[in-house]
Amino acid sequence: MVNEIPLETVKQHNKPTDLWVVIENKVYDVTKFRSEHPGGEESLDEVAGRDGTKEFMEVGHSQEAREIMKKFYIGDLAAKDCKGKLPLR
């Protein structure tokens with residue numbers, strides 16, 4: 001069963017020491033990845049606790065980046081908080 005996480009919960013994880021981000025309606029805990037992020041810590045800090053899909057897409061992340069993300073996936077954004085289309089699988 002998939003863990004559904006409300007946006008209100010995501011919003012609480014908005015610090016460098018507790019950093020969650022939403023990408024394509026999926027929630028990732030990237031706290032431990034922050035220091036390793038090739039784009040720098042600041043770019044993750046800017047989207048901490050919110051939907052960073054737009055920024056993620058604008059940068060044009062590689063397939064490798066998407067593979068790395070999988071290990072930080074913690075659940076899907078709650079259906080009531082999803083914008084537009086369903087997440088890409």
# chains A, B, ... in the order shown; residues from 1 in each chain; ligands from 1
>>> residues_around(residues="Asn14 of chain A", least_positions_apart="3", cutoff="10 Å", atoms="only C-alpha atoms", output="CSV table (one decimal) with all heavy atoms, in the first residue's frame")
chain,number,residue,atom,x,y,z
A,10,VAL,N,4.0,17.8,4.4
A,10,VAL,CA,5.2,18.1,3.6
A,10,VAL,C,5.7,19.5,4.0
A,10,VAL,O,6.9,19.7,4.2
A,10,VAL,CB,4.9,18.1,2.1
A,10,VAL,CG1,6.1,18.5,1.3
A,10,VAL,CG2,4.5,16.7,1.6
A,11,LYS,N,4.8,20.5,4.1
A,11,LYS,CA,5.2,21.8,4.4
A,11,LYS,C,6.0,22.0,5.7
A,11,LYS,O,6.7,22.9,5.9
A,11,LYS,CB,3.9,22.7,4.5
A,11,LYS,CG,3.3,23.0,3.2
A,11,LYS,CD,2.0,23.9,3.3
A,11,LYS,CE,1.4,24.2,2.0
A,11,LYS,NZ,0.2,25.0,2.1
A,17,THR,N,17.9,20.5,7.7
A,17,THR,CA,18.0,19.2,8.5
A,17,THR,C,16.8,18.3,8.5
A,17,THR,O,16.8,17.3,9.1
A,17,THR,CB,18.3,19.6,10.0
A,17,THR,OG1,17.2,20.5,10.4
A,17,THR,CG2,19.6,20.3,10.2
A,18,ASP,N,15.8,18.7,7.7
A,18,ASP,CA,14.5,18.0,7.6
A,18,ASP,C,13.9,18.5,6.3
A,18,ASP,O,13.0,19.4,6.4
A,18,ASP,CB,13.7,18.2,8.8
A,18,ASP,CG,12.4,17.5,8.8
A,18,ASP,OD1,12.2,16.5,8.0
A,18,ASP,OD2,11.4,17.8,9.6
A,19,LEU,N,14.3,17.9,5.2
A,19,LEU,CA,13.9,18.5,3.9
A,19,LEU,C,13.2,17.5,3.0
A,19,LEU,O,13.7,16.5,2.5
A,19,LEU,CB,15.2,18.9,3.2
A,19,LEU,CG,15.2,20.0,2.2
A,19,LEU,CD1,16.5,20.5,1.9
A,19,LEU,CD2,14.5,19.5,0.9
A,20,TRP,N,11.9,17.8,2.8
A,20,TRP,CA,11.0,17.0,1.9
A,20,TRP,C,10.7,17.8,0.7
A,20,TRP,O,10.6,19.1,0.9
A,20,TRP,CB,9.7,16.5,2.6
A,20,TRP,CG,9.9,15.5,3.7
A,20,TRP,CD1,11.0,15.1,4.3
A,20,TRP,CD2,8.8,14.8,4.3
A,20,TRP,NE1,10.8,14.2,5.3
A,20,TRP,CE2,9.4,14.0,5.3
A,20,TRP,CE3,7.5,14.8,4.2
A,20,TRP,CZ2,8.7,13.1,6.1
A,20,TRP,CZ3,6.7,14.0,5.0
A,20,TRP,CH2,7.3,13.1,6.0
A,21,VAL,N,10.5,17.2,-0.4
A,21,VAL,CA,10.1,17.9,-1.6
A,21,VAL,C,9.1,17.0,-2.4
A,21,VAL,O,9.2,15.8,-2.4
A,21,VAL,CB,11.3,18.3,-2.5
A,21,VAL,CG1,12.1,17.1,-3.0
A,21,VAL,CG2,10.9,19.3,-3.6
A,31,THR,N,16.7,14.9,2.8
A,31,THR,CA,17.6,15.4,3.8
A,31,THR,C,19.0,14.9,3.7
A,31,THR,O,19.9,15.7,3.7
A,31,THR,CB,17.0,15.1,5.2
A,31,THR,OG1,15.6,15.4,5.3
A,31,THR,CG2,17.8,15.8,6.3
A,44,LEU,N,17.9,22.8,-3.5
A,44,LEU,CA,17.0,22.0,-2.7
A,44,LEU,C,16.3,22.8,-1.6
A,44,LEU,O,15.1,22.7,-1.4
A,44,LEU,CB,17.7,20.8,-2.1
A,44,LEU,CG,18.0,19.6,-3.1
A,44,LEU,CD1,18.7,18.5,-2.3
A,44,LEU,CD2,16.8,19.1,-3.8
A,45,ASP,N,17.1,23.7,-1.0
A,45,ASP,CA,16.5,24.5,0.1
A,45,ASP,C,15.3,25.4,-0.4
A,45,ASP,O,14.4,25.6,0.3
A,45,ASP,CB,17.6,25.4,0.7
A,45,ASP,CG,18.7,24.7,1.4
A,45,ASP,OD1,18.5,23.4,1.7
A,45,ASP,OD2,19.7,25.3,1.8
A,46,GLU,N,15.5,25.8,-1.7
A,46,GLU,CA,14.5,26.7,-2.3
A,46,GLU,C,13.1,26.0,-2.5
A,46,GLU,O,12.1,26.6,-2.5
A,46,GLU,CB,14.9,27.2,-3.6
A,46,GLU,CG,16.0,28.3,-3.5
A,46,GLU,CD,16.6,28.7,-4.8
A,46,GLU,OE1,16.1,28.3,-5.9
A,46,GLU,OE2,17.7,29.3,-4.8
A,47,VAL,N,13.1,24.7,-2.6
A,47,VAL,CA,11.9,23.9,-2.8
A,47,VAL,C,11.5,23.1,-1.6
A,47,VAL,O,10.5,22.3,-1.7
A,47,VAL,CB,11.9,23.1,-4.1
A,47,VAL,CG1,12.1,23.9,-5.4
A,47,VAL,CG2,13.1,22.1,-4.1
A,48,ALA,N,12.2,23.3,-0.5
A,48,ALA,CA,11.9,22.5,0.7
A,48,ALA,C,10.5,22.7,1.2
A,48,ALA,O,10.0,23.8,1.3
A,48,ALA,CB,12.9,22.9,1.8
A,49,GLY,N,9.8,21.6,1.4
A,49,GLY,CA,8.5,21.6,2.0
A,49,GLY,C,7.4,22.0,1.0
A,49,GLY,O,6.3,22.4,1.4
A,50,ARG,N,7.7,21.9,-0.3
A,50,ARG,CA,6.7,22.3,-1.3
A,50,ARG,C,6.9,21.5,-2.6
A,50,ARG,O,7.8,20.7,-2.7
A,50,ARG,CB,6.7,23.8,-1.6
A,50,ARG,CG,8.0,24.3,-2.3
A,50,ARG,CD,7.8,25.8,-2.6
A,50,ARG,NE,8.9,26.3,-3.3
A,50,ARG,CZ,9.1,26.3,-4.7
A,50,ARG,NH1,8.2,25.7,-5.4
A,50,ARG,NH2,10.1,26.8,-5.3
>>> select_by_dssp(residues="chain A", states="alpha helix (DSSP H)", output="JSON, numbers by chain")
{"A": [7, 8, 9, 10, 11, 41, 42, 43, 44, 45, 46, 53, 54, 55, 56, 57, 58, 59, 63, 64, 65, 66, 67, 68, 69, 70]}
>>> residues_around(residues="Ile74 of chain A", least_positions_apart="6", cutoff="12 Å", atoms="only C-alpha atoms", output="PyMOL selection string")
chain A and resi 1-5+10+20-23+25-31
>>> write_last_selection(atoms="N, CA and C atoms", output="JSON list (two decimals), in the first residue's frame")
[["chain", "number", "residue", "atom", "x", "y", "z"],
["A", 1, "MET", "N", 0.84, -1.20, 0.00],
["A", 1, "MET", "CA", 0.00, 0.00, 0.00],
["A", 1, "MET", "C", 0.88, 1.26, 0.00],
["A", 2, "VAL", "N", 0.51, 2.21, -0.81],
["A", 2, "VAL", "CA", 1.28, 3.45, -0.92],
["A", 2, "VAL", "C", 0.93, 4.40, 0.22],
["A", 3, "ASN", "N", 1.94, 5.01, 0.77],
["A", 3, "ASN", "CA", 1.77, 5.99, 1.83],
["A", 3, "ASN", "C", 1.30, 7.31, 1.21],
["A", 4, "GLU", "N", 0.13, 7.80, 1.61],
["A", 4, "GLU", "CA", -0.37, 9.10, 1.11],
["A", 4, "GLU", "C", -0.01, 10.19, 2.12],
["A", 5, "ILE", "N", 0.65, 11.22, 1.65],
["A", 5, "ILE", "CA", 1.13, 12.28, 2.52],
["A", 5, "ILE", "C", 0.47, 13.60, 2.15],
["A", 10, "VAL", "N", 3.96, 17.81, 4.36],
["A", 10, "VAL", "CA", 5.17, 18.13, 3.59],
["A", 10, "VAL", "C", 5.69, 19.50, 3.97],
["A", 20, "TRP", "N", 11.85, 17.76, 2.84],
["A", 20, "TRP", "CA", 11.03, 16.97, 1.94],
["A", 20, "TRP", "C", 10.67, 17.83, 0.75],
["A", 21, "VAL", "N", 10.48, 17.19, -0.41],
["A", 21, "VAL", "CA", 10.07, 17.91, -1.60],
["A", 21, "VAL", "C", 9.10, 17.04, -2.41],
["A", 22, "VAL", "N", 8.18, 17.69, -3.11],
["A", 22, "VAL", "CA", 7.22, 16.99, -3.97],
["A", 22, "VAL", "C", 7.67, 17.18, -5.42],
["A", 23, "ILE", "N", 7.80, 16.06, -6.15],
["A", 23, "ILE", "CA", 8.10, 16.09, -7.58],
["A", 23, "ILE", "C", 7.07, 15.18, -8.26],
["A", 25, "ASN", "N", 3.90, 14.84, -7.94],
["A", 25, "ASN", "CA", 2.96, 14.27, -6.97],
["A", 25, "ASN", "C", 3.53, 13.12, -6.15],
["A", 26, "LYS", "N", 4.86, 13.01, -6.12],
["A", 26, "LYS", "CA", 5.52, 12.02, -5.27],
["A", 26, "LYS", "C", 6.35, 12.79, -4.25],
["A", 27, "VAL", "N", 6.39, 12.25, -3.02],
["A", 27, "VAL", "CA", 7.09, 12.93, -1.93],
["A", 27, "VAL", "C", 8.44, 12.24, -1.68],
["A", 28, "TYR", "N", 9.46, 13.06, -1.57],
["A", 28, "TYR", "CA", 10.82, 12.57, -1.34],
["A", 28, "TYR", "C", 11.41, 13.24, -0.11],
["A", 29, "ASP", "N", 12.07, 12.43, 0.73],
["A", 29, "ASP", "CA", 12.82, 12.97, 1.86],
["A", 29, "ASP", "C", 14.28, 13.04, 1.40],
["A", 30, "VAL", "N", 14.72, 14.24, 1.02],
["A", 30, "VAL", "CA", 16.06, 14.41, 0.47],
["A", 30, "VAL", "C", 17.05, 15.01, 1.49],
["A", 31, "THR", "N", 16.70, 14.90, 2.76],
["A", 31, "THR", "CA", 17.56, 15.44, 3.82],
["A", 31, "THR", "C", 18.99, 14.91, 3.69]]
>>> select_by_dssp(residues="chain A", states="strand (DSSP E)", output="PyMOL selection string")
chain A and resi 4-5+14-15+18-23+26-29+73-77
>>> write_last_selection(atoms="all heavy atoms", output="compact mmCIF listing (two decimals), in the first residue's frame")
# COMPACT_ATOMS: atom_id res chain seq x y z
N GLU A 4 0.13 7.80 1.61
CA GLU A 4 -0.37 9.10 1.11
C GLU A 4 -0.01 10.19 2.12
O GLU A 4 -0.34 10.08 3.30
CB GLU A 4 -1.90 9.06 0.92
CG GLU A 4 -2.29 8.42 -0.39
CD GLU A 4 -3.53 9.09 -1.00
OE1 GLU A 4 -4.17 9.93 -0.35
OE2 GLU A 4 -3.84 8.75 -2.14
N ILE A 5 0.65 11.22 1.65
CA ILE A 5 1.13 12.28 2.52
C ILE A 5 0.47 13.60 2.15
O ILE A 5 0.60 14.07 1.03
CB ILE A 5 2.67 12.40 2.40
CG1 ILE A 5 3.32 11.05 2.74
CG2 ILE A 5 3.19 13.51 3.31
CD1 ILE A 5 4.79 10.97 2.41
N ASN A 14 10.68 21.62 6.00
CA ASN A 14 11.18 22.67 5.11
C ASN A 14 12.52 23.26 5.57
O ASN A 14 12.83 24.39 5.28
CB ASN A 14 10.14 23.78 4.99
CG ASN A 14 9.84 24.43 6.33
OD1 ASN A 14 10.40 24.05 7.36
ND2 ASN A 14 8.95 25.39 6.32
N LYS A 15 13.29 22.46 6.31
CA LYS A 15 14.58 22.93 6.82
C LYS A 15 15.72 22.06 6.26
O LYS A 15 15.49 20.91 5.91
CB LYS A 15 14.60 22.83 8.35
CG LYS A 15 13.53 23.66 9.04
CD LYS A 15 13.53 23.49 10.55
CE LYS A 15 12.96 22.18 11.04
NZ LYS A 15 11.60 21.88 10.68
N ASP A 18 15.79 18.74 7.73
CA ASP A 18 14.53 17.98 7.61
C ASP A 18 13.86 18.47 6.34
O ASP A 18 13.03 19.36 6.36
CB ASP A 18 13.67 18.23 8.84
CG ASP A 18 12.36 17.46 8.80
OD1 ASP A 18 12.25 16.50 8.00
OD2 ASP A 18 11.44 17.81 9.56
N LEU A 19 14.26 17.89 5.19
CA LEU A 19 13.92 18.46 3.90
C LEU A 19 13.15 17.47 3.01
O LEU A 19 13.72 16.50 2.53
CB LEU A 19 15.23 18.90 3.22
CG LEU A 19 15.15 19.98 2.15
CD1 LEU A 19 16.54 20.53 1.89
CD2 LEU A 19 14.52 19.52 0.88
N TRP A 20 11.85 17.76 2.84
CA TRP A 20 11.03 16.97 1.94
C TRP A 20 10.67 17.83 0.75
O TRP A 20 10.55 19.05 0.86
CB TRP A 20 9.74 16.53 2.61
CG TRP A 20 9.89 15.51 3.70
CD1 TRP A 20 11.05 15.08 4.30
CD2 TRP A 20 8.83 14.80 4.35
NE1 TRP A 20 10.77 14.16 5.27
CE2 TRP A 20 9.41 13.97 5.33
CE3 TRP A 20 7.45 14.81 4.20
CZ2 TRP A 20 8.66 13.13 6.14
CZ3 TRP A 20 6.70 13.98 5.03
CH2 TRP A 20 7.29 13.14 5.97
N VAL A 21 10.48 17.19 -0.41
CA VAL A 21 10.07 17.91 -1.60
C VAL A 21 9.10 17.04 -2.41
O VAL A 21 9.17 15.81 -2.35
CB VAL A 21 11.30 18.33 -2.45
CG1 VAL A 21 12.06 17.12 -2.96
CG2 VAL A 21 10.92 19.26 -3.58
N VAL A 22 8.18 17.69 -3.11
CA VAL A 22 7.22 16.99 -3.97
C VAL A 22 7.67 17.18 -5.42
O VAL A 22 7.92 18.30 -5.86
CB VAL A 22 5.79 17.57 -3.80
CG1 VAL A 22 4.82 16.89 -4.75
CG2 VAL A 22 5.32 17.44 -2.36
N ILE A 23 7.80 16.06 -6.15
CA ILE A 23 8.10 16.09 -7.58
C ILE A 23 7.07 15.18 -8.26
O ILE A 23 6.98 14.00 -7.92
CB ILE A 23 9.53 15.56 -7.90
CG1 ILE A 23 10.60 16.29 -7.09
CG2 ILE A 23 9.80 15.63 -9.41
CD1 ILE A 23 10.86 17.71 -7.49
N LYS A 26 4.86 13.01 -6.12
CA LYS A 26 5.52 12.02 -5.27
C LYS A 26 6.35 12.79 -4.25
O LYS A 26 6.93 13.82 -4.56
CB LYS A 26 6.43 11.09 -6.09
CG LYS A 26 5.65 10.16 -7.00
CD LYS A 26 6.62 9.26 -7.76
CE LYS A 26 5.90 8.33 -8.70
NZ LYS A 26 5.15 7.29 -8.01
N VAL A 27 6.39 12.25 -3.02
CA VAL A 27 7.09 12.93 -1.93
C VAL A 27 8.44 12.24 -1.68
O VAL A 27 8.51 11.01 -1.60
CB VAL A 27 6.25 12.93 -0.64
CG1 VAL A 27 6.95 13.68 0.48
CG2 VAL A 27 4.86 13.53 -0.91
N TYR A 28 9.46 13.06 -1.57
CA TYR A 28 10.82 12.57 -1.34
C TYR A 28 11.41 13.24 -0.11
O TYR A 28 11.29 14.45 0.06
CB TYR A 28 11.72 12.89 -2.55
CG TYR A 28 11.23 12.26 -3.83
CD1 TYR A 28 10.32 12.92 -4.65
CD2 TYR A 28 11.66 11.00 -4.21
CE1 TYR A 28 9.86 12.34 -5.82
CE2 TYR A 28 11.20 10.41 -5.39
CZ TYR A 28 10.30 11.09 -6.19
OH TYR A 28 9.84 10.50 -7.33
N ASP A 29 12.07 12.43 0.73
CA ASP A 29 12.82 12.97 1.86
C ASP A 29 14.28 13.04 1.40
O ASP A 29 14.98 12.03 1.36
CB ASP A 29 12.69 12.06 3.08
CG ASP A 29 13.49 12.56 4.28
OD1 ASP A 29 14.31 13.49 4.11
OD2 ASP A 29 13.31 12.01 5.38
N TYR A 73 12.24 8.24 -2.10
CA TYR A 73 10.77 8.27 -2.19
C TYR A 73 10.15 7.76 -0.90
O TYR A 73 10.53 6.71 -0.40
CB TYR A 73 10.34 7.41 -3.38
CG TYR A 73 8.86 7.13 -3.46
CD1 TYR A 73 7.98 8.10 -3.93
CD2 TYR A 73 8.34 5.90 -3.07
CE1 TYR A 73 6.62 7.85 -4.01
CE2 TYR A 73 6.99 5.64 -3.15
CZ TYR A 73 6.14 6.62 -3.62
OH TYR A 73 4.80 6.36 -3.69
N ILE A 74 9.22 8.54 -0.34
CA ILE A 74 8.57 8.11 0.91
C ILE A 74 7.05 7.97 0.78
O ILE A 74 6.41 7.46 1.68
CB ILE A 74 8.91 9.05 2.09
CG1 ILE A 74 8.59 10.51 1.77
CG2 ILE A 74 10.39 8.89 2.48
CD1 ILE A 74 8.70 11.44 2.96
N GLY A 75 6.48 8.42 -0.34
CA GLY A 75 5.04 8.25 -0.52
C GLY A 75 4.50 9.18 -1.60
O GLY A 75 5.24 9.97 -2.18
N ASP A 76 3.21 9.04 -1.86
CA ASP A 76 2.54 9.90 -2.84
C ASP A 76 1.87 11.06 -2.14
O ASP A 76 1.39 10.92 -1.01
CB ASP A 76 1.47 9.12 -3.61
CG ASP A 76 2.07 8.14 -4.61
OD1 ASP A 76 3.30 8.15 -4.81
OD2 ASP A 76 1.29 7.37 -5.19
N LEU A 77 1.83 12.19 -2.82
CA LEU A 77 1.08 13.33 -2.29
C LEU A 77 -0.38 12.93 -2.21
O LEU A 77 -0.90 12.26 -3.11
CB LEU A 77 1.26 14.53 -3.24
CG LEU A 77 0.74 15.87 -2.74
CD1 LEU A 77 1.48 16.31 -1.47
CD2 LEU A 77 0.89 16.92 -3.81
>>> closest_residue(among="A:His37, A:Thr53, A:Leu7, A:Pro16", to="Ala65 of chain A", atoms="only C-alpha atoms")
A:His37
>>> decode(residues="segment 35-75 of chain A", atoms="N, CA and C atoms", output="compact mmCIF listing (two decimals), in the first residue's frame")
# COMPACT_ATOMS: atom_id res chain seq x y z
N SER A 35 23.54 17.34 0.80
CA SER A 35 24.96 17.67 0.64
C SER A 35 25.57 17.05 -0.62
N GLU A 36 24.91 16.04 -1.19
CA GLU A 36 25.41 15.37 -2.39
C GLU A 36 24.79 15.91 -3.68
N HIS A 37 23.77 16.74 -3.56
CA HIS A 37 23.03 17.21 -4.73
C HIS A 37 23.94 17.97 -5.69
N PRO A 38 24.09 17.48 -6.94
CA PRO A 38 24.99 18.13 -7.90
C PRO A 38 24.63 19.59 -8.19
N GLY A 39 23.37 19.94 -8.04
CA GLY A 39 22.93 21.31 -8.29
C GLY A 39 23.12 22.24 -7.11
N GLY A 40 23.70 21.72 -6.04
CA GLY A 40 23.94 22.53 -4.85
C GLY A 40 22.82 22.41 -3.82
N GLU A 41 23.18 22.66 -2.59
CA GLU A 41 22.22 22.56 -1.48
C GLU A 41 21.13 23.62 -1.59
N GLU A 42 21.50 24.80 -2.07
CA GLU A 42 20.56 25.92 -2.13
C GLU A 42 19.35 25.60 -3.01
N SER A 43 19.59 24.90 -4.11
CA SER A 43 18.46 24.60 -5.01
C SER A 43 17.44 23.69 -4.33
N LEU A 44 17.90 22.80 -3.46
CA LEU A 44 16.95 21.97 -2.70
C LEU A 44 16.29 22.79 -1.60
N ASP A 45 17.07 23.66 -0.96
CA ASP A 45 16.50 24.50 0.11
C ASP A 45 15.35 25.35 -0.42
N GLU A 46 15.47 25.82 -1.66
CA GLU A 46 14.45 26.68 -2.26
C GLU A 46 13.11 25.98 -2.45
N VAL A 47 13.13 24.66 -2.62
CA VAL A 47 11.87 23.92 -2.84
C VAL A 47 11.48 23.08 -1.63
N ALA A 48 12.18 23.26 -0.53
CA ALA A 48 11.91 22.48 0.69
C ALA A 48 10.48 22.69 1.18
N GLY A 49 9.80 21.58 1.44
CA GLY A 49 8.45 21.64 1.99
C GLY A 49 7.38 22.04 1.00
N ARG A 50 7.68 21.92 -0.30
CA ARG A 50 6.67 22.29 -1.29
C ARG A 50 6.86 21.49 -2.59
N ASP A 51 6.01 21.81 -3.57
CA ASP A 51 6.08 21.15 -4.87
C ASP A 51 7.20 21.80 -5.69
N GLY A 52 8.21 21.01 -6.04
CA GLY A 52 9.33 21.52 -6.81
C GLY A 52 9.34 20.98 -8.23
N THR A 53 8.19 20.48 -8.70
CA THR A 53 8.12 19.88 -10.04
C THR A 53 8.56 20.85 -11.13
N LYS A 54 8.08 22.08 -11.08
CA LYS A 54 8.41 23.07 -12.11
C LYS A 54 9.92 23.27 -12.18
N GLU A 55 10.55 23.49 -11.04
CA GLU A 55 12.00 23.69 -11.00
C GLU A 55 12.75 22.45 -11.47
N PHE A 56 12.27 21.29 -11.05
CA PHE A 56 12.89 20.02 -11.43
C PHE A 56 12.88 19.84 -12.95
N MET A 57 11.74 20.15 -13.56
CA MET A 57 11.59 20.00 -15.01
C MET A 57 12.42 21.04 -15.76
N GLU A 58 12.47 22.26 -15.26
CA GLU A 58 13.21 23.34 -15.92
C GLU A 58 14.70 23.01 -16.02
N VAL A 59 15.23 22.35 -15.00
CA VAL A 59 16.66 22.00 -14.99
C VAL A 59 16.94 20.86 -15.98
N GLY A 60 15.94 20.02 -16.21
CA GLY A 60 16.12 18.91 -17.14
C GLY A 60 16.96 17.80 -16.54
N HIS A 61 16.50 17.21 -15.46
CA HIS A 61 17.23 16.14 -14.79
C HIS A 61 17.34 14.90 -15.67
N SER A 62 18.44 14.19 -15.54
CA SER A 62 18.72 12.99 -16.33
C SER A 62 17.94 11.79 -15.81
N GLN A 63 17.97 10.72 -16.59
CA GLN A 63 17.36 9.46 -16.15
C GLN A 63 18.10 8.95 -14.91
N GLU A 64 19.41 9.18 -14.87
CA GLU A 64 20.20 8.77 -13.72
C GLU A 64 19.71 9.49 -12.46
N ALA A 65 19.42 10.79 -12.59
CA ALA A 65 18.91 11.56 -11.45
C ALA A 65 17.59 10.96 -10.96
N ARG A 66 16.74 10.57 -11.90
CA ARG A 66 15.45 9.97 -11.53
C ARG A 66 15.64 8.63 -10.82
N GLU A 67 16.67 7.89 -11.22
CA GLU A 67 16.97 6.61 -10.56
C GLU A 67 17.42 6.86 -9.12
N ILE A 68 18.29 7.85 -8.93
CA ILE A 68 18.79 8.19 -7.60
C ILE A 68 17.63 8.59 -6.70
N MET A 69 16.68 9.34 -7.25
CA MET A 69 15.52 9.82 -6.47
C MET A 69 14.72 8.69 -5.85
N LYS A 70 14.67 7.55 -6.54
CA LYS A 70 13.83 6.44 -6.08
C LYS A 70 14.13 6.03 -4.64
N LYS A 71 15.40 6.11 -4.23
CA LYS A 71 15.73 5.67 -2.88
C LYS A 71 15.30 6.67 -1.81
N PHE A 72 14.89 7.87 -2.23
CA PHE A 72 14.44 8.90 -1.28
C PHE A 72 12.91 9.04 -1.27
N TYR A 73 12.24 8.24 -2.10
CA TYR A 73 10.77 8.27 -2.19
C TYR A 73 10.15 7.76 -0.90
N ILE A 74 9.22 8.54 -0.34
CA ILE A 74 8.57 8.11 0.91
C ILE A 74 7.05 7.97 0.78
N GLY A 75 6.48 8.42 -0.34
CA GLY A 75 5.04 8.25 -0.52
C GLY A 75 4.50 9.18 -1.60
